[in-house]
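Text of the file final29.csv, holding CSV, C-alpha atoms:
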```csv
chain,number,residue,atom,x,y,z
A,585,MET,CA,132.0,50.2,78.5
A,586,ASN,CA,129.3,52.8,77.8
A,587,PRO,CA,129.2,55.8,80.2
A,588,PRO,CA,126.3,55.9,82.6
A,589,ALA,CA,123.3,58.1,82.0
A,590,ASN,CA,123.1,61.5,83.6
A,591,PRO,CA,121.2,61.5,86.9
A,592,GLY,CA,117.9,63.4,86.7
A,593,ASN,CA,117.0,65.3,83.6
A,594,ARG,CA,120.3,67.1,82.9
A,595,SER,CA,121.6,67.4,79.4
A,596,TRP,CA,125.2,67.7,80.5
A,597,PRO,CA,127.7,65.5,78.8
A,598,VAL,CA,129.0,62.6,80.9
A,599,HIS,CA,132.8,62.2,81.0
A,600,ARG,CA,134.8,59.1,82.0
A,601,TRP,CA,137.7,61.0,83.4
A,602,PHE,CA,139.2,57.8,85.0
A,603,ALA,CA,139.1,54.3,83.5
A,604,ASP,CA,138.3,52.6,86.8
A,605,VAL,CA,139.0,52.7,90.6
A,606,PRO,CA,142.6,51.5,90.3
A,607,ASP,CA,143.2,54.1,87.7
A,608,VAL,CA,142.1,56.8,90.2
A,609,GLN,CA,144.5,55.4,92.8
A,610,ASP,CA,147.4,55.2,90.3
A,611,ARG,CA,146.9,58.7,89.0
A,612,LEU,CA,146.4,60.3,92.4
A,613,ALA,CA,149.5,58.5,93.6
A,614,GLY,CA,151.4,60.0,90.7
A,615,CYS,CA,150.3,63.4,92.2
A,616,ASP,CA,151.7,62.4,95.6
A,617,TYR,CA,148.2,61.6,97.1
A,618,LEU,CA,147.8,58.0,98.4
A,619,ALA,CA,144.1,57.3,98.3
A,620,ASP,CA,142.6,54.2,99.8
A,621,ARG,CA,140.1,52.0,97.9
A,622,GLY,CA,137.1,53.8,99.5
A,623,LEU,CA,138.1,57.3,98.6
A,624,ALA,CA,139.2,56.3,95.1
A,625,THR,CA,135.8,54.7,94.5
A,626,ALA,CA,134.1,57.9,95.7
A,627,VAL,CA,136.2,60.0,93.3
A,628,PHE,CA,135.6,57.6,90.4
A,629,LEU,CA,131.8,57.6,90.9
A,630,ALA,CA,131.5,61.3,91.5
A,631,THR,CA,133.5,62.2,88.4
A,632,SER,CA,131.7,59.6,86.3
A,633,LEU,CA,128.1,60.6,87.4
A,634,ASN,CA,128.6,64.4,87.4
A,635,LEU,CA,127.9,64.5,91.2
A,636,PRO,CA,129.5,66.9,93.7
A,637,LEU,CA,131.7,65.0,96.2
A,638,LEU,CA,131.2,65.9,99.8
A,639,LEU,CA,134.1,64.9,102.0
A,640,GLU,CA,133.9,65.0,105.8
A,641,GLY,CA,136.5,64.2,108.4
A,642,GLU,CA,138.7,65.5,111.1
A,643,VAL,CA,140.9,68.5,110.4
A,644,GLY,CA,144.1,67.6,108.6
A,645,VAL,CA,143.2,64.3,107.1
A,646,GLY,CA,143.6,65.5,103.5
A,647,LYS,CA,140.1,66.6,102.4
A,648,THR,CA,141.3,69.7,100.6
A,649,GLU,CA,144.2,67.9,99.1
A,650,VAL,CA,141.8,65.5,97.3
A,651,ALA,CA,140.5,68.3,95.1
A,652,LYS,CA,144.0,69.5,94.4
A,653,ALA,CA,145.3,66.0,93.5
A,654,VAL,CA,142.3,65.3,91.3
A,655,ALA,CA,142.9,68.6,89.5
A,656,ARG,CA,146.5,67.7,88.9
A,657,ALA,CA,145.6,64.2,87.7
A,658,LEU,CA,143.1,65.6,85.2
A,659,ASP,CA,145.3,68.6,84.2
A,660,ARG,CA,142.7,71.0,85.5
A,661,ARG,CA,143.1,74.1,87.7
A,662,VAL,CA,141.4,74.5,91.1
A,663,VAL,CA,138.9,77.3,91.7
A,664,ARG,CA,138.6,77.5,95.5
A,665,LEU,CA,135.7,79.0,97.5
A,666,GLN,CA,136.8,79.3,101.1
A,667,CYS,CA,133.7,79.4,103.3
A,668,TYR,CA,133.5,81.4,106.5
A,669,GLU,CA,130.9,82.7,108.9
A,670,GLY,CA,128.9,85.4,107.2
A,671,ILE,CA,129.8,84.6,103.6
A,672,ASP,CA,127.0,85.5,101.2
A,673,ALA,CA,126.1,85.1,97.5
A,674,THR,CA,127.8,88.3,96.5
A,675,GLN,CA,131.1,87.2,97.9
A,676,ALA,CA,130.7,83.8,96.2
A,677,LEU,CA,129.3,84.8,92.8
A,678,TYR,CA,130.3,88.3,91.5
A,679,GLU,CA,130.4,92.0,92.3
A,680,TRP,CA,130.7,95.1,90.2
A,681,ASP,CA,134.0,96.9,90.0
A,682,TYR,CA,132.7,100.3,91.2
A,683,PRO,CA,136.1,102.1,91.2
A,684,ARG,CA,136.6,101.3,87.5
A,685,GLN,CA,133.0,102.2,86.7
A,686,LEU,CA,133.5,105.6,88.3
A,687,LEU,CA,136.7,106.1,86.3
A,688,TYR,CA,134.9,105.2,83.1
A,689,LEU,CA,132.2,107.7,83.8
A,690,ARG,CA,134.7,110.4,84.4
A,691,ALA,CA,136.6,109.5,81.2
A,692,VAL,CA,133.4,109.5,79.1
A,693,GLY,CA,132.0,112.6,80.7
A,694,ASP,CA,129.6,114.4,78.4
A,695,ALA,CA,131.4,113.2,75.3
A,696,ARG,CA,128.7,110.6,74.6
A,697,SER,CA,125.1,111.5,74.2
A,698,ASP,CA,123.8,107.9,74.1
A,699,LYS,CA,123.4,107.6,77.8
A,700,GLU,CA,121.6,104.2,77.6
A,701,SER,CA,124.6,102.6,75.9
A,702,VAL,CA,126.9,104.2,78.6
A,703,VAL,CA,124.8,102.5,81.3
A,704,GLU,CA,124.9,99.2,79.4
A,705,ASP,CA,128.7,99.5,79.2
A,706,LEU,CA,128.8,100.2,82.9
A,707,TYR,CA,127.0,96.9,83.7
A,708,GLY,CA,128.7,94.8,81.1
A,709,PRO,CA,131.2,92.0,81.4
A,710,ARG,CA,134.2,94.3,81.4
A,711,PHE,CA,133.3,95.7,84.8
A,712,LEU,CA,132.2,92.4,86.3
A,713,ASN,CA,134.5,90.9,88.9
A,714,GLU,CA,134.0,87.1,89.0
A,715,ARG,CA,134.0,85.3,92.3
A,716,PRO,CA,134.7,81.6,92.5
A,717,LEU,CA,131.2,80.2,91.8
A,718,LEU,CA,130.7,82.3,88.6
A,719,GLU,CA,134.3,81.7,87.5
A,720,ALA,CA,133.7,77.9,87.9
A,721,ILE,CA,130.4,78.0,86.1
A,722,ARG,CA,131.9,79.8,83.1
A,723,ALA,CA,135.0,77.6,83.0
A,724,GLY,CA,133.0,74.4,83.3
A,725,SER,CA,134.9,71.1,83.1
A,726,ARG,CA,138.2,72.9,82.7
A,727,VAL,CA,138.3,73.4,86.5
A,728,VAL,CA,137.8,71.6,89.7
A,729,LEU,CA,135.6,73.7,92.0
A,730,LEU,CA,136.7,73.3,95.7
A,731,ILE,CA,134.1,74.6,98.2
A,732,ASP,CA,136.2,74.4,101.4
A,733,GLU,CA,134.7,74.1,104.9
A,734,ILE,CA,131.1,74.5,103.9
A,735,ASP,CA,130.2,73.8,107.6
A,736,ARG,CA,131.5,77.3,108.5
A,737,ALA,CA,128.9,79.0,106.4
A,738,ASP,CA,125.3,79.6,107.6
A,739,ASP,CA,122.1,77.9,106.6
A,740,GLU,CA,121.1,80.6,104.1
A,741,PHE,CA,124.3,80.3,102.2
A,742,GLU,CA,124.0,76.5,102.2
A,743,ALA,CA,120.5,76.8,100.7
A,744,PHE,CA,121.8,79.2,98.0
A,745,LEU,CA,124.7,76.8,97.2
A,746,LEU,CA,122.3,73.9,96.9
A,747,GLU,CA,120.4,75.9,94.2
A,748,VAL,CA,123.6,76.7,92.3
A,749,LEU,CA,124.7,73.1,92.4
A,750,ALA,CA,121.4,71.9,91.1
A,751,ASP,CA,121.6,73.7,87.7
A,752,PHE,CA,125.0,75.4,87.6
A,753,GLN,CA,123.2,78.5,86.5
A,754,VAL,CA,123.1,82.0,87.9
A,755,SER,CA,121.2,85.0,86.8
A,756,ILE,CA,122.8,88.5,86.7
A,757,PRO,CA,120.0,91.1,86.3
A,758,GLU,CA,122.1,93.4,84.1
A,759,ILE,CA,123.4,90.6,81.9
A,760,GLY,CA,121.0,87.7,82.1
A,761,PRO,CA,121.4,84.0,82.9
A,762,ILE,CA,124.8,82.3,82.7
A,763,THR,CA,124.8,78.5,82.5
A,764,ALA,CA,127.6,76.0,82.5
A,765,VAL,CA,127.6,74.1,79.2
A,766,ASP,CA,129.8,71.4,80.9
A,767,PRO,CA,129.8,71.7,84.7
A,768,PRO,CA,133.0,71.5,86.8
A,769,PHE,CA,133.8,68.6,89.1
A,770,VAL,CA,132.9,69.9,92.6
A,771,VAL,CA,134.5,68.9,95.9
A,772,LEU,CA,132.9,70.1,99.1
A,773,THR,CA,134.7,69.7,102.4
A,774,SER,CA,133.4,69.8,106.0
A,775,ASN,CA,135.1,69.5,109.4
A,776,ARG,CA,131.7,68.7,110.8
A,777,THR,CA,131.6,71.7,113.2
A,778,ARG,CA,127.9,71.6,112.5
A,779,GLU,CA,125.5,69.2,110.7
A,780,LEU,CA,124.8,69.9,107.1
A,781,HIS,CA,121.3,69.8,105.8
A,782,ASP,CA,120.0,66.6,104.3
A,783,ALA,CA,119.1,68.3,101.1
A,784,LEU,CA,122.8,69.2,100.4
A,785,LYS,CA,124.0,65.7,101.4
A,786,ARG,CA,121.4,64.1,99.1
A,787,ARG,CA,122.7,66.2,96.2
A,788,CYS,CA,126.2,64.9,96.7
A,789,LEU,CA,128.1,61.7,96.8
A,790,TYR,CA,129.3,61.4,100.4
A,791,HIS,CA,132.6,60.1,101.8
A,792,TRP,CA,134.1,60.2,105.3
A,793,ILE,CA,137.9,60.4,105.4
A,794,ASP,CA,139.4,58.9,108.6
A,795,TYR,CA,142.9,59.0,109.9
A,796,PRO,CA,145.0,56.5,107.9
A,797,GLY,CA,146.3,53.4,109.4
A,798,PRO,CA,150.0,53.3,110.4
A,799,ASP,CA,151.3,51.6,107.3
A,800,ARG,CA,149.5,54.0,105.0
A,801,GLU,CA,150.5,57.0,107.0
A,802,VAL,CA,154.2,55.9,106.8
A,803,ALA,CA,153.8,55.6,103.1
A,804,ILE,CA,152.3,59.2,103.0
A,805,VAL,CA,155.2,60.6,105.0
A,806,ARG,CA,157.7,58.8,102.8
A,807,THR,CA,156.0,60.2,99.7
A,808,ARG,CA,155.9,63.8,100.9
A,809,VAL,CA,159.2,63.7,102.8
A,810,PRO,CA,161.4,61.2,101.0
A,811,GLU,CA,164.5,62.4,102.9
A,812,VAL,CA,163.2,60.9,106.1
A,813,PRO,CA,164.4,57.2,106.5
A,814,GLU,CA,161.7,54.6,106.6
A,815,ASP,CA,162.6,53.6,110.2
A,816,LEU,CA,162.3,57.1,111.5
A,817,ALA,CA,159.1,57.7,109.5
A,818,ARG,CA,157.6,54.7,111.2
A,819,ARG,CA,158.6,55.9,114.7
A,820,ILE,CA,157.2,59.3,113.9
A,821,VAL,CA,153.9,57.8,112.8
A,822,GLU,CA,153.7,55.5,115.8
A,823,ALA,CA,154.3,58.5,118.1
A,824,VAL,CA,151.6,60.5,116.3
A,825,HIS,CA,149.1,57.7,116.7
A,826,ARG,CA,149.8,57.7,120.5
A,827,PHE,CA,149.2,61.4,120.6
A,828,ARG,CA,145.8,60.9,118.9
A,829,ARG,CA,144.8,58.5,121.7
A,830,LEU,CA,145.3,61.2,124.3
A,831,ASP,CA,142.7,63.6,125.5
A,832,LEU,CA,143.6,66.5,123.3
A,833,ILE,CA,141.7,69.6,122.2
A,834,LYS,CA,143.0,69.1,118.6
A,835,ARG,CA,144.4,65.8,117.6
A,836,PRO,CA,147.1,66.1,115.0
A,837,GLY,CA,146.1,65.2,111.5
A,838,VAL,CA,148.1,63.8,108.6
A,839,ALA,CA,149.2,67.4,107.6
A,840,GLU,CA,150.7,67.8,111.1
A,841,THR,CA,152.5,64.4,110.8
A,842,ILE,CA,154.1,65.6,107.5
A,843,ASN,CA,155.0,69.0,109.0
A,844,TRP,CA,156.6,67.3,112.0
A,845,ALA,CA,158.6,65.0,109.8
A,846,LEU,CA,159.8,68.0,107.8
A,847,THR,CA,160.7,69.8,111.0
A,848,LEU,CA,162.7,66.9,112.4
A,849,ASP,CA,164.5,66.4,109.0
A,850,LEU,CA,165.3,70.1,108.9
A,851,LEU,CA,166.8,70.0,112.4
A,852,GLU,CA,168.6,66.7,111.5
A,853,VAL,CA,166.9,64.9,114.4
A,854,ASP,CA,167.4,61.2,113.7
A,855,ASP,CA,166.2,59.8,117.0
A,856,LEU,CA,163.0,60.7,118.9
A,857,GLU,CA,164.6,61.7,122.2
A,858,THR,CA,162.6,63.8,124.6
A,859,GLU,CA,165.0,66.7,124.8
A,860,LEU,CA,165.3,66.9,121.0
A,861,VAL,CA,161.6,66.5,120.3
A,862,THR,CA,160.2,68.9,122.9
A,863,PRO,CA,161.1,72.1,121.0
A,864,THR,CA,159.4,70.8,117.9
A,865,LEU,CA,156.0,70.0,119.4
A,866,GLY,CA,154.6,73.2,117.9
A,867,ALA,CA,154.8,71.6,114.5
A,868,LEU,CA,152.4,68.8,115.7
A,869,LEU,CA,150.2,70.3,118.4
A,870,LYS,CA,148.4,73.6,117.9
A,871,GLU,CA,147.0,74.3,121.4
A,872,ARG,CA,149.0,75.4,124.4
A,873,GLU,CA,146.9,73.2,126.6
A,874,ASP,CA,147.7,70.2,124.5
A,875,ILE,CA,151.4,70.8,124.7
A,876,ASP,CA,151.2,71.3,128.4
A,877,ARG,CA,149.2,68.0,128.7
A,878,VAL,CA,151.6,66.0,126.6
A,879,THR,CA,154.9,67.2,127.9
A,880,PRO,CA,154.9,65.2,131.2
A,881,GLN,CA,154.0,62.1,129.2
A,882,LEU,CA,156.5,62.6,126.4
A,883,ASP,CA,158.9,59.9,127.4
A,884,GLU,CA,156.1,57.4,127.4
A,885,VAL,CA,154.7,58.6,124.1
A,886,LEU,CA,158.1,58.5,122.3
A,887,ALA,CA,159.1,55.2,123.8
```

Please lay out the structure from this file as structure tokens.
Amino acid sequence: MNPPANPGNRSWPVHRWFADVPDVQDRLAGCDYLADRGLATAVFLATSLNLPLLLEGEVGVGKTEVAKAVARALDRRVVRLQCYEGIDATQALYEWDYPRQLLYLRAVGDARSDKESVVEDLYGPRFLNERPLLEAIRAGSRVVLLIDEIDRADDEFEAFLLEVLADFQVSIPEIGPITAVDPPFVVLTSNRTRELHDALKRRCLYHWIDYPGPDREVAIVRTRVPEVPEDLARRIVEAVHRFRRLDLIKRPGVAETINWALTLDLLEVDDLETELVTPTLGALLKEREDIDRVTPQLDEVLA
């Protein structure tokens, strides 16, 4: 089968990192990530078409782990840009190492008369601190670029990011343009604390990750915590699903299910009895109000 043409006018090479959708599922499963058909299809298409993959969903459903699992499956490393309120281009791209520049100036002193070349040295690659975006652009397809929680950044940074993702090129005034010869695979995650702009969504292949069904979540727990017997894993998952139906501030995600199973295994709890489970709720629920709300109903939830 011939690889699809690049979208738009890009001259980037197109790679077929995965043979097909089942291959995505098999290779991610080999990295302890159990992807359903929908997510595996999204990963296959995004990697085949050189499109960023935008993953939205509730906290703890495994969005960040997708990027890590894909990187392991492709034998790549992850370059992670963690977004936060107030992040700007400097923190995402590069900055000059001013302390080393000052030390260099002191070391050179008046020994060199060619001042212009000294200035060129000061603003050359040796004093450039790469931040995640520039690092990923230079590394290209050798890395998976994870842009985590893009919804926490502001509109200006989102617009800047859209420009970078369009061409994978940045211009450093003192050095010149730097362009990816072969761009990285990009995964963006969002907890949907705010709506992302349509322009960014159109640039990406979009997929919503929901809470898994009981059977799949049991399989995930058994994959991550194989020491937990299947019967206990199923009772843990059933209890977590009941927790999620309650009026909680923060519903527990799959990550919390795994942490709870690890906690119960560490404490050698083999039965979900109220008196044994109550001290472990902090592994599952992350708000005091949620714990206070759940505690009176614990017998019913664990039944």

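If you measure from each of A:Phe752, A:Gly644, A:Arg726, A:Asn713 to A:Leu868 using only C-alpha atoms, the closest one turns out to be A:Gly644.
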
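Within a radius of 10 Å around (151.7, 55.7, 109.8), the polymer residues are Tyr795, Pro796, Gly797, Pro798, Asp799, Arg800, Glu801, Val802, Ala803, Ile804, Val805, Arg806, Ala817, Arg818, Arg819, Ile820, Val821, Glu822, Ala823, Val824, His825, Val838 and Thr841 of chain A, counting only C-alpha atoms.
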
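What separates atom CA of A:Leu639 from atom CA of A:Thr773 is a distance of 4.9 Å.
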
**Request:** Using all atoms listed in the file, determine which residues lie at most 8 Å from A:Arg661, disregarding the query and same-chain residues fewer than 6 positions distant; provide the list as a list in words.
**Result:** Ala655, Arg726, Val727 and Val728 of chain A

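For the set A:Val754, A:Val605, A:Val812, A:Ile734, the residue with the smallest atom-to-atom gap to A:Leu638 is A:Ile734, counting all atoms listed in the file.
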
**Request:** Would you mind listing what lies within 12 Å of A:Arg656 as a ChimeraX atom specification, with all atoms listed in the file counted and same-chain residues fewer than 3 positions away left out?
**Result:** /A:608,611-617,649-653,659-662,726-728

Store the residues picked out above in a file with C-alpha atoms, as a PDB file, in the frame of the given file.
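File written: part.pdb
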```pdb
ATOM      1  CA  VAL A 608     142.100  56.800  90.200  1.00  0.00           C
ATOM      2  CA  ARG A 611     146.900  58.700  89.000  1.00  0.00           C
ATOM      3  CA  LEU A 612     146.400  60.300  92.400  1.00  0.00           C
ATOM      4  CA  ALA A 613     149.500  58.500  93.600  1.00  0.00           C
ATOM      5  CA  GLY A 614     151.400  60.000  90.700  1.00  0.00           C
ATOM      6  CA  CYS A 615     150.300  63.400  92.200  1.00  0.00           C
ATOM      7  CA  ASP A 616     151.700  62.400  95.600  1.00  0.00           C
ATOM      8  CA  TYR A 617     148.200  61.600  97.100  1.00  0.00           C
ATOM      9  CA  GLU A 649     144.200  67.900  99.100  1.00  0.00           C
ATOM     10  CA  VAL A 650     141.800  65.500  97.300  1.00  0.00           C
ATOM     11  CA  ALA A 651     140.500  68.300  95.100  1.00  0.00           C
ATOM     12  CA  LYS A 652     144.000  69.500  94.400  1.00  0.00           C
ATOM     13  CA  ALA A 653     145.300  66.000  93.500  1.00  0.00           C
ATOM     14  CA  ASP A 659     145.300  68.600  84.200  1.00  0.00           C
ATOM     15  CA  ARG A 660     142.700  71.000  85.500  1.00  0.00           C
ATOM     16  CA  ARG A 661     143.100  74.100  87.700  1.00  0.00           C
ATOM     17  CA  VAL A 662     141.400  74.500  91.100  1.00  0.00           C
ATOM     18  CA  ARG A 726     138.200  72.900  82.700  1.00  0.00           C
ATOM     19  CA  VAL A 727     138.300  73.400  86.500  1.00  0.00           C
ATOM     20  CA  VAL A 728     137.800  71.600  89.700  1.00  0.00           C
TER      21      VAL A 728
END
```

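Using all atoms listed in the file, the residues found no farther than 8 Å from stretch 789-793 of chain A, other than those of its own chain fewer than 5 positions away, are Leu623, Ala626, Ala630, Leu635, Pro636, Leu637, Leu638, Leu639, Glu640, Gly641, Glu642, Val645, Gly646 and Lys647 of chain A.
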
**Complete:** Closest of A:Ala839, A:Ala845, A:Leu830, A:Leu860 to A:Asp874, counting all atoms listed in the file, is A:Leu830

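Counting only C-alpha atoms, the residue from A:Glu857, A:Asp672, A:Glu679, A:Asp607 that sits nearest to A:Ala657 is A:Asp607.
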
Who sits within 9 Å of stretch 663-665 of chain A, all atoms listed in the file, same chain under 3 positions skipped, as a short mmCIF file (atom, residue, chain, number, x, y, z; two decimals) with C-alpha atoms, in the frame of the given file:
```cif
data_model
loop_
_atom_site.label_atom_id
_atom_site.label_comp_id
_atom_site.auth_asym_id
_atom_site.auth_seq_id
_atom_site.Cartn_x
_atom_site.Cartn_y
_atom_site.Cartn_z
CA ALA A 676 130.70 83.80 96.20
CA ARG A 715 134.00 85.30 92.30
CA PRO A 716 134.70 81.60 92.50
CA LEU A 717 131.20 80.20 91.80
CA GLU A 719 134.30 81.70 87.50
CA ALA A 720 133.70 77.90 87.90
CA VAL A 727 138.30 73.40 86.50
CA VAL A 728 137.80 71.60 89.70
CA LEU A 729 135.60 73.70 92.00
CA LEU A 730 136.70 73.30 95.70
CA ILE A 731 134.10 74.60 98.20
CA ASP A 732 136.20 74.40 101.40
CA GLU A 733 134.70 74.10 104.90
#
```

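Atom pair atom CA of A:Gly724 / atom CA of A:Asp620 has a distance of 27.8 Å (rounded to one decimal).
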
**Request:** Grab the atom CA of A:Leu712 to atom CA of A:Ala691 distance for me, in Å with one decimal place.
**Result:** 18.4 Å

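The nearest approach to A:Leu772 among the residues A:Cys667, A:Ala750, A:Val861, A:Leu848, with all atoms listed in the file taken into account, belongs to A:Cys667.
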
Kindly assemble as JSON lines a list of the stretch 652-680 of chain A residues that lie within 12 Å of stretch 774-782 of chain A, each paired with its nearest atom pair and their distance in Å to one decimal, using all atoms listed in the file, sorted first by chain and then by ascending residue number.
```
{"residue": "A:Gln666", "atom": "CA", "partner": "A:Ser774", "partner_atom": "CA", "distance": 11.2}
{"residue": "A:Cys667", "atom": "CA", "partner": "A:Ser774", "partner_atom": "CA", "distance": 10.0}
{"residue": "A:Tyr668", "atom": "CA", "partner": "A:Ser774", "partner_atom": "CA", "distance": 11.6}
{"residue": "A:Glu669", "atom": "CA", "partner": "A:Thr777", "partner_atom": "CA", "distance": 11.8}
```

Which polymer residues have any atom within 10 Å of an atom of A:Asp751, counting all atoms listed in the file, with same-chain residues fewer than 4 positions away left out, as an mmCIF file with C-alpha atoms, keeping the file's coordinate frame?
```
data_model
loop_
_atom_site.group_PDB
_atom_site.id
_atom_site.type_symbol
_atom_site.label_atom_id
_atom_site.label_comp_id
_atom_site.auth_asym_id
_atom_site.auth_seq_id
_atom_site.Cartn_x
_atom_site.Cartn_y
_atom_site.Cartn_z
ATOM 1 C CA ARG A 594 120.300 67.100 82.900
ATOM 2 C CA ILE A 721 130.400 78.000 86.100
ATOM 3 C CA LEU A 746 122.300 73.900 96.900
ATOM 4 C CA GLU A 747 120.400 75.900 94.200
ATOM 5 C CA THR A 763 124.800 78.500 82.500
ATOM 6 C CA ALA A 764 127.600 76.000 82.500
ATOM 7 C CA PRO A 767 129.800 71.700 84.700
#
```
